[in-house]
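Enquirer: Contents of upload34.cif (mmCIF, C-alpha atoms):
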data_data
#
loop_
_atom_site.group_PDB
_atom_site.id
_atom_site.type_symbol
_atom_site.label_atom_id
_atom_site.label_comp_id
_atom_site.auth_asym_id
_atom_site.auth_seq_id
_atom_site.Cartn_x
_atom_site.Cartn_y
_atom_site.Cartn_z
ATOM 1 C CA MET A 16 16.445 -33.379 1.912
ATOM 2 C CA PRO A 17 16.418 -35.366 5.176
ATOM 3 C CA LYS A 18 13.780 -38.069 5.338
ATOM 4 C CA LYS A 19 11.284 -37.594 8.135
ATOM 5 C CA SER A 20 9.700 -40.377 10.085
ATOM 6 C CA ARG A 21 6.114 -41.183 9.203
ATOM 7 C CA ASP A 22 3.915 -38.096 8.899
ATOM 8 C CA ARG A 23 1.236 -37.509 11.505
ATOM 9 C CA ILE A 24 -1.922 -36.803 9.521
ATOM 10 C CA CYS A 25 -5.133 -35.254 10.852
ATOM 11 C CA TYR A 26 -8.280 -35.731 8.781
ATOM 12 C CA PHE A 27 -11.396 -33.628 9.453
ATOM 13 C CA TYR A 28 -14.842 -34.845 8.468
ATOM 14 C CA ASP A 29 -18.474 -34.665 9.514
ATOM 15 C CA SER A 30 -21.276 -36.333 7.583
ATOM 16 C CA ASP A 31 -23.351 -33.144 7.861
ATOM 17 C CA VAL A 32 -21.230 -31.509 5.120
ATOM 18 C CA GLY A 33 -22.471 -34.098 2.636
ATOM 19 C CA SER A 34 -26.157 -33.742 3.440
ATOM 20 C CA VAL A 35 -26.757 -30.276 1.980
ATOM 21 C CA TYR A 36 -28.263 -29.714 -1.452
ATOM 22 C CA TYR A 37 -27.509 -26.645 -3.565
ATOM 23 C CA GLY A 38 -30.559 -27.293 -5.734
ATOM 24 C CA PRO A 39 -31.572 -29.031 -8.968
ATOM 25 C CA ASN A 40 -29.067 -28.863 -11.836
ATOM 26 C CA HIS A 41 -26.467 -27.134 -9.674
ATOM 27 C CA PRO A 42 -22.987 -28.592 -10.335
ATOM 28 C CA MET A 43 -21.894 -28.325 -6.699
ATOM 29 C CA LYS A 44 -22.673 -31.708 -5.093
ATOM 30 C CA PRO A 45 -21.512 -31.872 -1.458
ATOM 31 C CA HIS A 46 -22.751 -35.474 -1.335
ATOM 32 C CA ARG A 47 -19.479 -36.362 -3.055
ATOM 33 C CA LEU A 48 -17.755 -35.606 0.247
ATOM 34 C CA CYS A 49 -19.568 -38.579 1.758
ATOM 35 C CA MET A 50 -18.514 -40.722 -1.190
ATOM 36 C CA THR A 51 -14.909 -39.642 -0.679
ATOM 37 C CA HIS A 52 -15.107 -40.522 3.013
ATOM 38 C CA HIS A 53 -16.491 -43.962 2.178
ATOM 39 C CA LEU A 54 -13.513 -44.527 -0.108
ATOM 40 C CA VAL A 55 -11.162 -43.448 2.680
ATOM 41 C CA MET A 56 -12.776 -45.987 4.989
ATOM 42 C CA GLY A 57 -13.049 -48.688 2.330
ATOM 43 C CA TYR A 58 -9.340 -48.521 1.527
ATOM 44 C CA GLU A 59 -8.566 -48.360 5.272
ATOM 45 C CA LEU A 60 -6.767 -45.062 4.900
ATOM 46 C CA HIS A 61 -8.294 -44.012 8.204
ATOM 47 C CA LYS A 62 -5.843 -46.353 9.920
ATOM 48 C CA LYS A 63 -3.020 -44.096 8.746
ATOM 49 C CA MET A 64 -4.639 -40.908 10.068
ATOM 50 C CA GLU A 65 -6.216 -39.381 13.150
ATOM 51 C CA ILE A 66 -9.847 -38.618 12.321
ATOM 52 C CA TYR A 67 -11.565 -35.640 13.895
ATOM 53 C CA ARG A 68 -15.152 -34.494 13.585
ATOM 54 C CA SER A 69 -15.297 -31.005 12.139
ATOM 55 C CA ARG A 70 -16.756 -28.497 14.562
ATOM 56 C CA LYS A 71 -18.913 -25.518 13.746
ATOM 57 C CA ALA A 72 -16.847 -22.354 13.492
ATOM 58 C CA HIS A 73 -18.402 -19.527 15.492
ATOM 59 C CA PRO A 74 -19.616 -16.428 13.634
ATOM 60 C CA VAL A 75 -16.941 -14.347 15.380
ATOM 61 C CA GLU A 76 -14.300 -16.675 13.892
ATOM 62 C CA LEU A 77 -15.736 -16.226 10.404
ATOM 63 C CA ALA A 78 -15.640 -12.463 10.948
ATOM 64 C CA GLN A 79 -11.856 -12.628 11.348
ATOM 65 C CA PHE A 80 -11.916 -12.185 7.568
ATOM 66 C CA HIS A 81 -15.505 -11.658 6.455
ATOM 67 C CA SER A 82 -17.500 -8.542 7.283
ATOM 68 C CA GLU A 83 -19.822 -8.889 10.269
ATOM 69 C CA ASP A 84 -22.887 -7.801 8.297
ATOM 70 C CA TYR A 85 -22.215 -10.466 5.644
ATOM 71 C CA VAL A 86 -21.754 -13.225 8.237
ATOM 72 C CA ASP A 87 -24.887 -12.090 10.059
ATOM 73 C CA PHE A 88 -26.927 -12.208 6.862
ATOM 74 C CA LEU A 89 -25.705 -15.702 5.982
ATOM 75 C CA ALA A 90 -26.594 -16.838 9.506
ATOM 76 C CA ARG A 91 -30.195 -15.655 9.402
ATOM 77 C CA VAL A 92 -31.388 -15.855 5.802
ATOM 78 C CA THR A 93 -33.484 -18.869 4.794
ATOM 79 C CA PRO A 94 -34.846 -20.075 1.429
ATOM 80 C CA HIS A 95 -38.305 -18.876 2.518
ATOM 81 C CA GLN A 96 -37.031 -15.305 2.941
ATOM 82 C CA VAL A 97 -35.417 -14.905 -0.477
ATOM 83 C CA GLY A 98 -38.206 -12.699 -1.833
ATOM 84 C CA GLU A 99 -37.957 -10.393 1.174
ATOM 85 C CA ASN A 100 -34.212 -9.808 0.840
ATOM 86 C CA LEU A 101 -33.591 -9.193 -2.857
ATOM 87 C CA GLN A 102 -31.510 -6.064 -2.258
ATOM 88 C CA GLN A 103 -29.184 -7.820 0.179
ATOM 89 C CA LEU A 104 -28.968 -10.919 -2.016
ATOM 90 C CA HIS A 105 -27.738 -8.705 -4.833
ATOM 91 C CA ARG A 106 -25.354 -6.864 -2.501
ATOM 92 C CA TYR A 107 -23.736 -10.133 -1.352
ATOM 93 C CA ASN A 108 -23.800 -11.778 -4.811
ATOM 94 C CA LEU A 109 -26.190 -14.521 -3.703
ATOM 95 C CA GLY A 110 -28.289 -16.124 -6.404
ATOM 96 C CA ASP A 111 -27.860 -18.715 -9.149
ATOM 97 C CA ASP A 112 -24.241 -19.759 -8.520
ATOM 98 C CA CYS A 113 -24.512 -19.210 -4.776
ATOM 99 C CA PRO A 114 -28.117 -20.023 -3.871
ATOM 100 C CA ILE A 115 -29.735 -19.873 -0.465
ATOM 101 C CA PHE A 116 -30.514 -23.438 0.610
ATOM 102 C CA GLU A 117 -31.505 -25.266 3.782
ATOM 103 C CA GLY A 118 -28.574 -25.686 6.146
ATOM 104 C CA MET A 119 -26.347 -23.304 4.183
ATOM 105 C CA PHE A 120 -24.806 -21.509 7.166
ATOM 106 C CA HIS A 121 -24.335 -24.753 9.094
ATOM 107 C CA PHE A 122 -22.501 -26.124 6.040
ATOM 108 C CA CYS A 123 -20.252 -23.042 6.005
ATOM 109 C CA GLN A 124 -19.546 -23.346 9.714
ATOM 110 C CA MET A 125 -18.619 -27.023 9.387
ATOM 111 C CA TYR A 126 -16.199 -26.762 6.485
ATOM 112 C CA ALA A 127 -14.620 -23.609 7.914
ATOM 113 C CA GLY A 128 -14.280 -25.177 11.352
ATOM 114 C CA GLY A 129 -12.369 -28.123 9.909
ATOM 115 C CA SER A 130 -9.864 -25.876 8.153
ATOM 116 C CA ILE A 131 -9.360 -23.592 11.155
ATOM 117 C CA ASP A 132 -8.855 -26.526 13.511
ATOM 118 C CA GLY A 133 -6.443 -28.154 11.069
ATOM 119 C CA ALA A 134 -4.337 -24.991 11.108
ATOM 120 C CA THR A 135 -4.501 -24.863 14.903
ATOM 121 C CA LYS A 136 -3.216 -28.428 15.216
ATOM 122 C CA LEU A 137 -0.380 -27.632 12.836
ATOM 123 C CA ASN A 138 0.515 -24.553 14.880
ATOM 124 C CA HIS A 139 0.699 -26.610 18.068
ATOM 125 C CA GLY A 140 2.759 -29.383 16.485
ATOM 126 C CA LEU A 141 -0.025 -31.938 16.919
ATOM 127 C CA CYS A 142 0.184 -33.070 13.298
ATOM 128 C CA ASP A 143 2.372 -32.662 10.228
ATOM 129 C CA ILE A 144 -0.425 -32.640 7.637
ATOM 130 C CA ALA A 145 -4.069 -31.613 8.057
ATOM 131 C CA ILE A 146 -6.704 -32.651 5.494
ATOM 132 C CA ASN A 147 -10.173 -31.170 5.064
ATOM 133 C CA TRP A 148 -11.795 -32.320 1.836
ATOM 134 C CA SER A 149 -14.900 -30.262 2.524
ATOM 135 C CA GLY A 150 -12.827 -27.064 2.467
ATOM 136 C CA GLY A 151 -11.021 -25.187 -0.270
ATOM 137 C CA LEU A 152 -13.774 -22.693 -1.128
ATOM 138 C CA HIS A 153 -11.371 -20.202 -2.614
ATOM 139 C CA HIS A 154 -13.683 -17.754 -4.420
ATOM 140 C CA ALA A 155 -15.491 -16.232 -1.414
ATOM 141 C CA LYS A 156 -14.645 -12.569 -0.793
ATOM 142 C CA LYS A 157 -14.756 -10.460 2.347
ATOM 143 C CA SER A 158 -18.380 -9.384 1.816
ATOM 144 C CA GLU A 159 -19.445 -11.450 -1.163
ATOM 145 C CA ALA A 160 -20.194 -15.023 -2.174
ATOM 146 C CA SER A 161 -18.778 -16.254 -5.468
ATOM 147 C CA GLY A 162 -18.376 -19.440 -7.465
ATOM 148 C CA PHE A 163 -20.351 -21.732 -5.090
ATOM 149 C CA CYS A 164 -18.307 -20.347 -2.160
ATOM 150 C CA TYR A 165 -19.760 -18.426 0.790
ATOM 151 C CA ILE A 166 -17.077 -18.503 3.502
ATOM 152 C CA ASN A 167 -13.407 -18.594 2.551
ATOM 153 C CA ASP A 168 -12.036 -21.284 4.865
ATOM 154 C CA LEU A 169 -8.621 -21.023 3.198
ATOM 155 C CA VAL A 170 -8.159 -17.399 4.211
ATOM 156 C CA LEU A 171 -9.313 -18.232 7.745
ATOM 157 C CA SER A 172 -6.863 -21.122 8.046
ATOM 158 C CA ILE A 173 -4.011 -18.973 6.712
ATOM 159 C CA LEU A 174 -4.828 -16.268 9.274
ATOM 160 C CA GLU A 175 -4.561 -18.950 11.949
ATOM 161 C CA LEU A 176 -1.215 -20.162 10.609
ATOM 162 C CA LEU A 177 0.097 -16.587 10.566
ATOM 163 C CA LYS A 178 -0.175 -16.541 14.364
ATOM 164 C CA HIS A 179 2.750 -18.951 14.404
ATOM 165 C CA HIS A 180 4.544 -18.601 11.061
ATOM 166 C CA PRO A 181 6.135 -15.423 9.642
ATOM 167 C CA ARG A 182 5.350 -16.524 6.068
ATOM 168 C CA VAL A 183 2.709 -18.867 4.634
ATOM 169 C CA LEU A 184 2.544 -20.175 1.071
ATOM 170 C CA TYR A 185 -0.860 -20.689 -0.548
ATOM 171 C CA LEU A 186 -0.795 -23.023 -3.567
ATOM 172 C CA ASP A 187 -3.876 -23.566 -5.746
ATOM 173 C CA ILE A 188 -4.137 -26.257 -8.461
ATOM 174 C CA ASP A 189 -7.873 -25.900 -9.040
ATOM 175 C CA VAL A 190 -8.739 -25.242 -12.704
ATOM 176 C CA HIS A 191 -10.175 -21.888 -11.567
ATOM 177 C CA HIS A 192 -8.049 -19.013 -10.314
ATOM 178 C CA GLY A 193 -7.860 -18.726 -6.521
ATOM 179 C CA ASP A 194 -9.108 -15.159 -6.650
ATOM 180 C CA GLY A 195 -10.604 -14.842 -3.173
ATOM 181 C CA VAL A 196 -7.400 -15.875 -1.423
ATOM 182 C CA GLU A 197 -5.193 -13.770 -3.687
ATOM 183 C CA GLU A 198 -7.367 -10.704 -3.094
ATOM 184 C CA ALA A 199 -7.297 -11.197 0.685
ATOM 185 C CA PHE A 200 -3.489 -11.125 0.829
ATOM 186 C CA TYR A 201 -2.668 -8.997 -2.224
ATOM 187 C CA LEU A 202 -1.064 -6.217 -0.178
ATOM 188 C CA THR A 203 1.076 -8.264 2.227
ATOM 189 C CA ASP A 204 4.357 -10.154 1.956
ATOM 190 C CA ARG A 205 3.445 -12.527 4.782
ATOM 191 C CA VAL A 206 1.439 -14.703 2.394
ATOM 192 C CA MET A 207 2.491 -15.728 -1.087
ATOM 193 C CA THR A 208 -0.315 -16.932 -3.328
ATOM 194 C CA VAL A 209 0.480 -19.192 -6.295
ATOM 195 C CA SER A 210 -2.269 -20.309 -8.666
ATOM 196 C CA PHE A 211 -2.096 -22.640 -11.690
ATOM 197 C CA HIS A 212 -5.353 -22.204 -13.595
ATOM 198 C CA LYS A 213 -7.188 -21.846 -16.878
ATOM 199 C CA TYR A 214 -7.169 -18.241 -18.067
ATOM 200 C CA GLY A 215 -8.832 -16.547 -21.021
ATOM 201 C CA ASP A 216 -11.900 -17.247 -23.182
ATOM 202 C CA TYR A 217 -14.101 -15.633 -20.484
ATOM 203 C CA PHE A 218 -13.390 -18.563 -18.159
ATOM 204 C CA PHE A 219 -14.544 -18.010 -14.551
ATOM 205 C CA PRO A 220 -13.593 -15.954 -12.585
ATOM 206 C CA GLY A 221 -11.731 -14.035 -15.313
ATOM 207 C CA THR A 222 -8.825 -13.082 -13.048
ATOM 208 C CA GLY A 223 -5.318 -14.485 -12.641
ATOM 209 C CA ASP A 224 -3.319 -12.770 -15.356
ATOM 210 C CA VAL A 225 0.429 -13.370 -15.228
ATOM 211 C CA LYS A 226 0.799 -9.602 -14.796
ATOM 212 C CA ASP A 227 -1.046 -9.669 -11.449
ATOM 213 C CA ILE A 228 1.830 -9.842 -8.969
ATOM 214 C CA GLY A 229 0.603 -8.111 -5.809
ATOM 215 C CA GLU A 230 0.896 -4.505 -4.664
ATOM 216 C CA ARG A 231 2.563 -2.431 -1.935
ATOM 217 C CA SER A 232 4.255 -4.788 0.547
ATOM 218 C CA GLY A 233 2.776 -7.720 -1.342
ATOM 219 C CA LYS A 234 4.428 -6.901 -4.661
ATOM 220 C CA TYR A 235 5.874 -10.104 -6.182
ATOM 221 C CA CYS A 236 4.027 -12.198 -3.576
ATOM 222 C CA ALA A 237 1.194 -13.115 -5.950
ATOM 223 C CA LEU A 238 2.180 -15.518 -8.720
ATOM 224 C CA ASN A 239 -0.254 -16.547 -11.430
ATOM 225 C CA VAL A 240 0.396 -19.293 -13.959
ATOM 226 C CA PRO A 241 -2.353 -18.971 -16.617
ATOM 227 C CA LEU A 242 -2.818 -22.110 -18.703
ATOM 228 C CA LYS A 243 -4.746 -23.153 -21.807
ATOM 229 C CA ASP A 244 -7.219 -25.984 -22.391
ATOM 230 C CA GLY A 245 -6.130 -29.594 -22.478
ATOM 231 C CA ILE A 246 -2.888 -29.447 -20.503
ATOM 232 C CA ASP A 247 -1.772 -32.965 -19.532
ATOM 233 C CA ASP A 248 0.319 -34.426 -16.708
ATOM 234 C CA ASN A 249 3.720 -34.122 -18.353
ATOM 235 C CA THR A 250 3.255 -30.567 -19.541
ATOM 236 C CA PHE A 251 1.770 -29.494 -16.219
ATOM 237 C CA GLN A 252 4.682 -30.954 -14.241
ATOM 238 C CA ARG A 253 7.261 -29.378 -16.560
ATOM 239 C CA ILE A 254 5.803 -26.036 -15.521
ATOM 240 C CA PHE A 255 4.792 -26.815 -11.946
ATOM 241 C CA GLN A 256 7.983 -28.317 -10.572
ATOM 242 C CA PRO A 257 10.538 -25.675 -11.626
ATOM 243 C CA VAL A 258 8.156 -22.857 -10.683
ATOM 244 C CA MET A 259 7.468 -24.280 -7.232
ATOM 245 C CA ALA A 260 11.123 -25.156 -6.627
ATOM 246 C CA LYS A 261 12.028 -21.508 -7.240
ATOM 247 C CA VAL A 262 9.132 -20.284 -5.080
ATOM 248 C CA MET A 263 10.281 -22.446 -2.169
ATOM 249 C CA GLU A 264 13.884 -21.327 -2.590
ATOM 250 C CA ALA A 265 13.043 -17.637 -2.718
ATOM 251 C CA TYR A 266 10.096 -17.318 -0.311
ATOM 252 C CA ARG A 267 11.008 -19.920 2.372
ATOM 253 C CA PRO A 268 7.538 -20.324 3.931
ATOM 254 C CA GLY A 269 6.947 -21.865 7.326
ATOM 255 C CA ALA A 270 3.725 -23.567 6.245
ATOM 256 C CA ILE A 271 1.904 -24.470 3.042
ATOM 257 C CA VAL A 272 -1.838 -24.393 2.377
ATOM 258 C CA LEU A 273 -2.615 -26.491 -0.692
ATOM 259 C CA GLN A 274 -5.945 -26.270 -2.496
ATOM 260 C CA CYS A 275 -6.350 -29.404 -4.648
ATOM 261 C CA GLY A 276 -9.487 -28.617 -6.628
ATOM 262 C CA ALA A 277 -10.480 -31.784 -8.476
ATOM 263 C CA ASP A 278 -11.969 -29.855 -11.401
ATOM 264 C CA SER A 279 -8.509 -29.738 -12.987
ATOM 265 C CA LEU A 280 -8.836 -33.486 -13.604
ATOM 266 C CA GLY A 281 -9.680 -34.637 -17.124
ATOM 267 C CA ASN A 282 -13.375 -34.861 -18.077
ATOM 268 C CA ASP A 283 -14.584 -32.676 -15.214
ATOM 269 C CA ARG A 284 -17.863 -31.046 -16.262
ATOM 270 C CA LEU A 285 -16.629 -27.574 -15.305
ATOM 271 C CA GLY A 286 -12.973 -27.954 -16.205
ATOM 272 C CA CYS A 287 -10.948 -28.155 -19.407
ATOM 273 C CA PHE A 288 -7.620 -29.679 -18.328
ATOM 274 C CA SER A 289 -6.533 -33.276 -18.930
ATOM 275 C CA LEU A 290 -4.786 -34.136 -15.681
ATOM 276 C CA SER A 291 -4.979 -37.691 -14.345
ATOM 277 C CA LEU A 292 -5.267 -38.642 -10.678
ATOM 278 C CA ASP A 293 -1.567 -39.482 -10.749
ATOM 279 C CA GLY A 294 -0.676 -36.117 -12.256
ATOM 280 C CA HIS A 295 -2.764 -34.306 -9.660
ATOM 281 C CA ALA A 296 -1.218 -36.322 -6.843
ATOM 282 C CA GLU A 297 2.284 -35.639 -8.157
ATOM 283 C CA CYS A 298 1.815 -31.977 -7.211
ATOM 284 C CA VAL A 299 1.131 -33.021 -3.617
ATOM 285 C CA ARG A 300 4.066 -35.446 -3.597
ATOM 286 C CA PHE A 301 6.401 -32.762 -4.927
ATOM 287 C CA MET A 302 5.409 -30.273 -2.226
ATOM 288 C CA LYS A 303 5.560 -32.895 0.539
ATOM 289 C CA GLN A 304 9.266 -33.324 -0.051
ATOM 290 C CA TYR A 305 9.863 -29.931 1.568
ATOM 291 C CA ASN A 306 8.708 -31.387 4.915
ATOM 292 C CA LEU A 307 6.653 -28.368 5.945
#
What do you get writing this file as C-alpha cells?

Expert:
Amino acid sequence: MPKKSRDRICYFYDSDVGSVYYGPNHPMKPHRLCMTHHLVMGYELHKKMEIYRSRKAHPVELAQFHSEDYVDFLARVTPHQVGENLQQLHRYNLGDDCPIFEGMFHFCQMYAGGSIDGATKLNHGLCDIAINWSGGLHHAKKSEASGFCYINDLVLSILELLKHHPRVLYLDIDVHHGDGVEEAFYLTDRVMTVSFHKYGDYFFPGTGDVKDIGERSGKYCALNVPLKDGIDDNTFQRIFQPVMAKVMEAYRPGAIVLQCGADSLGNDRLGCFSLSLDGHAECVRFMKQYNL
C-alpha cells in the first residue's frame, strides 16, 4: 500500500472527564483518564498531535440515537433524587453497574462531544486520525444504560461519519462484546460491526455469538469472534489479522471506528485475556496500514 506522509492526529481531552466518581468499590475509575493524559504529556506525545478540549454535546445531539425521554432523565436526575425515581431507574437500567453520581450527565456530554467532534473533523478532512480516550462506551442502548455506559458515543460518532461515508467499519477489541453498537446497526449494511471478545461462562454481556450476523439489510454485516480465557498476543494476531484483512477486502469501508478497550490486557481486574501492550497496539498498527 502507498505510504502516506505523516498522519494528522487530533486528540480530544478535558480534565473534567477524570474528576467524576462512580462510587466506592466501583471498577470504573475515570481518574485514569487524567493519568493517561499525564503520560501523553510526559512522553511529549502532544507535540505529535493537535489537542482539542472536548466540548459538551447538546442533548439534541445525544437524541440522534438515544430516546428523548432517556436523555431528559439523565439530564435531570441527581443522587439525591434516587429514592423518588425508582421506577424510572429500573426502566433505564440504572443502579449498581450504572449508578447515579454527581456530574454524571456532564461526564456523558463531555465524552460524547469528543467523539462527535472527532468524527466531524475526519469528515471535513481536518485530520487523519481522531483519538478520544474518554470515549468507547459501547454497551449503552437506545433507552438503557449498561455496563458502566450511559451514552453510546461510538454510535453517535458513526452516525456523524455516515453523513460523509457510504460505509463505516466498527472494530471492537475490548474483552466485552460491543453489544450496544452492534444492536444499533444490526439491520443496516452501511455499518459493519466486528467484535473480538470473551464469550461464554456467563461473561458480560452474554451476547456476541458467532451465529449473530445481522438481519434484513444488515445480514452478514455483524461479525463476532468469540474467544476463550487466556488468549495471548500470538494467538490473537493469528485470528485478528486474517479476519480483518478479509473484512477490509470484502466490505471496503470509508472510515474505521476502533474501540480499544484496555480490559483485554493481561491482569485486568475485569478481563481474562493475556494480551500485552504490544499485542494490543499491533491491532491498531495493522488497521492503520489501510490509510483510512

Enquirer: Could you list, as number ranges by chain, every residue matched by the PyMOL selection byres ((chain A and resi 269-282) around 8) in this structure?

Expert: A: 151, 169, 173, 176, 180-190, 267-268, 283-292, 295, 307

Enquirer: With C-alpha atoms retained, could you export that selection as a PDB file, keeping the file's coordinate frame?

Expert:
ATOM      1  CA  GLY A 151     -11.021 -25.187  -0.270  1.00  0.00           C
ATOM      2  CA  LEU A 169      -8.621 -21.023   3.198  1.00  0.00           C
ATOM      3  CA  ILE A 173      -4.011 -18.973   6.712  1.00  0.00           C
ATOM      4  CA  LEU A 176      -1.215 -20.162  10.609  1.00  0.00           C
ATOM      5  CA  HIS A 180       4.544 -18.601  11.061  1.00  0.00           C
ATOM      6  CA  PRO A 181       6.135 -15.423   9.642  1.00  0.00           C
ATOM      7  CA  ARG A 182       5.350 -16.524   6.068  1.00  0.00           C
ATOM      8  CA  VAL A 183       2.709 -18.867   4.634  1.00  0.00           C
ATOM      9  CA  LEU A 184       2.544 -20.175   1.071  1.00  0.00           C
ATOM     10  CA  TYR A 185      -0.860 -20.689  -0.548  1.00  0.00           C
ATOM     11  CA  LEU A 186      -0.795 -23.023  -3.567  1.00  0.00           C
ATOM     12  CA  ASP A 187      -3.876 -23.566  -5.746  1.00  0.00           C
ATOM     13  CA  ILE A 188      -4.137 -26.257  -8.461  1.00  0.00           C
ATOM     14  CA  ASP A 189      -7.873 -25.900  -9.040  1.00  0.00           C
ATOM     15  CA  VAL A 190      -8.739 -25.242 -12.704  1.00  0.00           C
ATOM     16  CA  ARG A 267      11.008 -19.920   2.372  1.00  0.00           C
ATOM     17  CA  PRO A 268       7.538 -20.324   3.931  1.00  0.00           C
ATOM     18  CA  ASP A 283     -14.584 -32.676 -15.214  1.00  0.00           C
ATOM     19  CA  ARG A 284     -17.863 -31.046 -16.262  1.00  0.00           C
ATOM     20  CA  LEU A 285     -16.629 -27.574 -15.305  1.00  0.00           C
ATOM     21  CA  GLY A 286     -12.973 -27.954 -16.205  1.00  0.00           C
ATOM     22  CA  CYS A 287     -10.948 -28.155 -19.407  1.00  0.00           C
ATOM     23  CA  PHE A 288      -7.620 -29.679 -18.328  1.00  0.00           C
ATOM     24  CA  SER A 289      -6.533 -33.276 -18.930  1.00  0.00           C
ATOM     25  CA  LEU A 290      -4.786 -34.136 -15.681  1.00  0.00           C
ATOM     26  CA  SER A 291      -4.979 -37.691 -14.345  1.00  0.00           C
ATOM     27  CA  LEU A 292      -5.267 -38.642 -10.678  1.00  0.00           C
ATOM     28  CA  HIS A 295      -2.764 -34.306  -9.660  1.00  0.00           C
ATOM     29  CA  LEU A 307       6.653 -28.368   5.945  1.00  0.00           C
TER      30      LEU A 307
END

Enquirer: Find the spatial neighbours of segment 142-149 of chain A, counting only C-alpha atoms, within a cut-off of 7 Å - ignore same-chain residues fewer than 5 positions away - and output them as a short mmCIF file (atom, residue, chain, number, x, y, z; two decimals) with C-alpha atoms, in the coordinates of the input.

Expert:
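In the end it all went to selection.cif:
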data_model
loop_
_atom_site.label_atom_id
_atom_site.label_comp_id
_atom_site.auth_asym_id
_atom_site.auth_seq_id
_atom_site.Cartn_x
_atom_site.Cartn_y
_atom_site.Cartn_z
CA ASP A 22 3.92 -38.10 8.90
CA ARG A 23 1.24 -37.51 11.50
CA ILE A 24 -1.92 -36.80 9.52
CA CYS A 25 -5.13 -35.25 10.85
CA TYR A 26 -8.28 -35.73 8.78
CA PHE A 27 -11.40 -33.63 9.45
CA TYR A 28 -14.84 -34.84 8.47
CA VAL A 32 -21.23 -31.51 5.12
CA LEU A 48 -17.76 -35.61 0.25
CA TYR A 126 -16.20 -26.76 6.48
CA GLY A 129 -12.37 -28.12 9.91
CA SER A 130 -9.86 -25.88 8.15
CA GLY A 133 -6.44 -28.15 11.07
CA LYS A 136 -3.22 -28.43 15.22
CA LEU A 137 -0.38 -27.63 12.84
#

Enquirer: For segment 73-83 of chain A, work out the shell of residues within 10 Å, counting all atoms listed in the file and skipping chain neighbours fewer than 5 positions away, then give it as a list in words.

Expert: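 Skipping anything fewer than 5 positions along the chain leaves Phe88, Leu89, Ala90, Phe120, Cys123, Gln124, Met125, Ala127, Gly128, Ile131, Ala155, Lys156, Lys157, Ser158, Glu159, Tyr165, Ile166, Asn167, Asp168, Val170, Leu171, Leu174, Glu175 and Ala199 of chain A.
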
Enquirer: How many Å lie between atom CA of Pro220 of chain A and atom CA of Ser161 of chain A, rounded to one decimal?

Expert: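 Going from atom CA of Pro220 of chain A over to atom CA of Ser161 of chain A, I get 8.8 Å.
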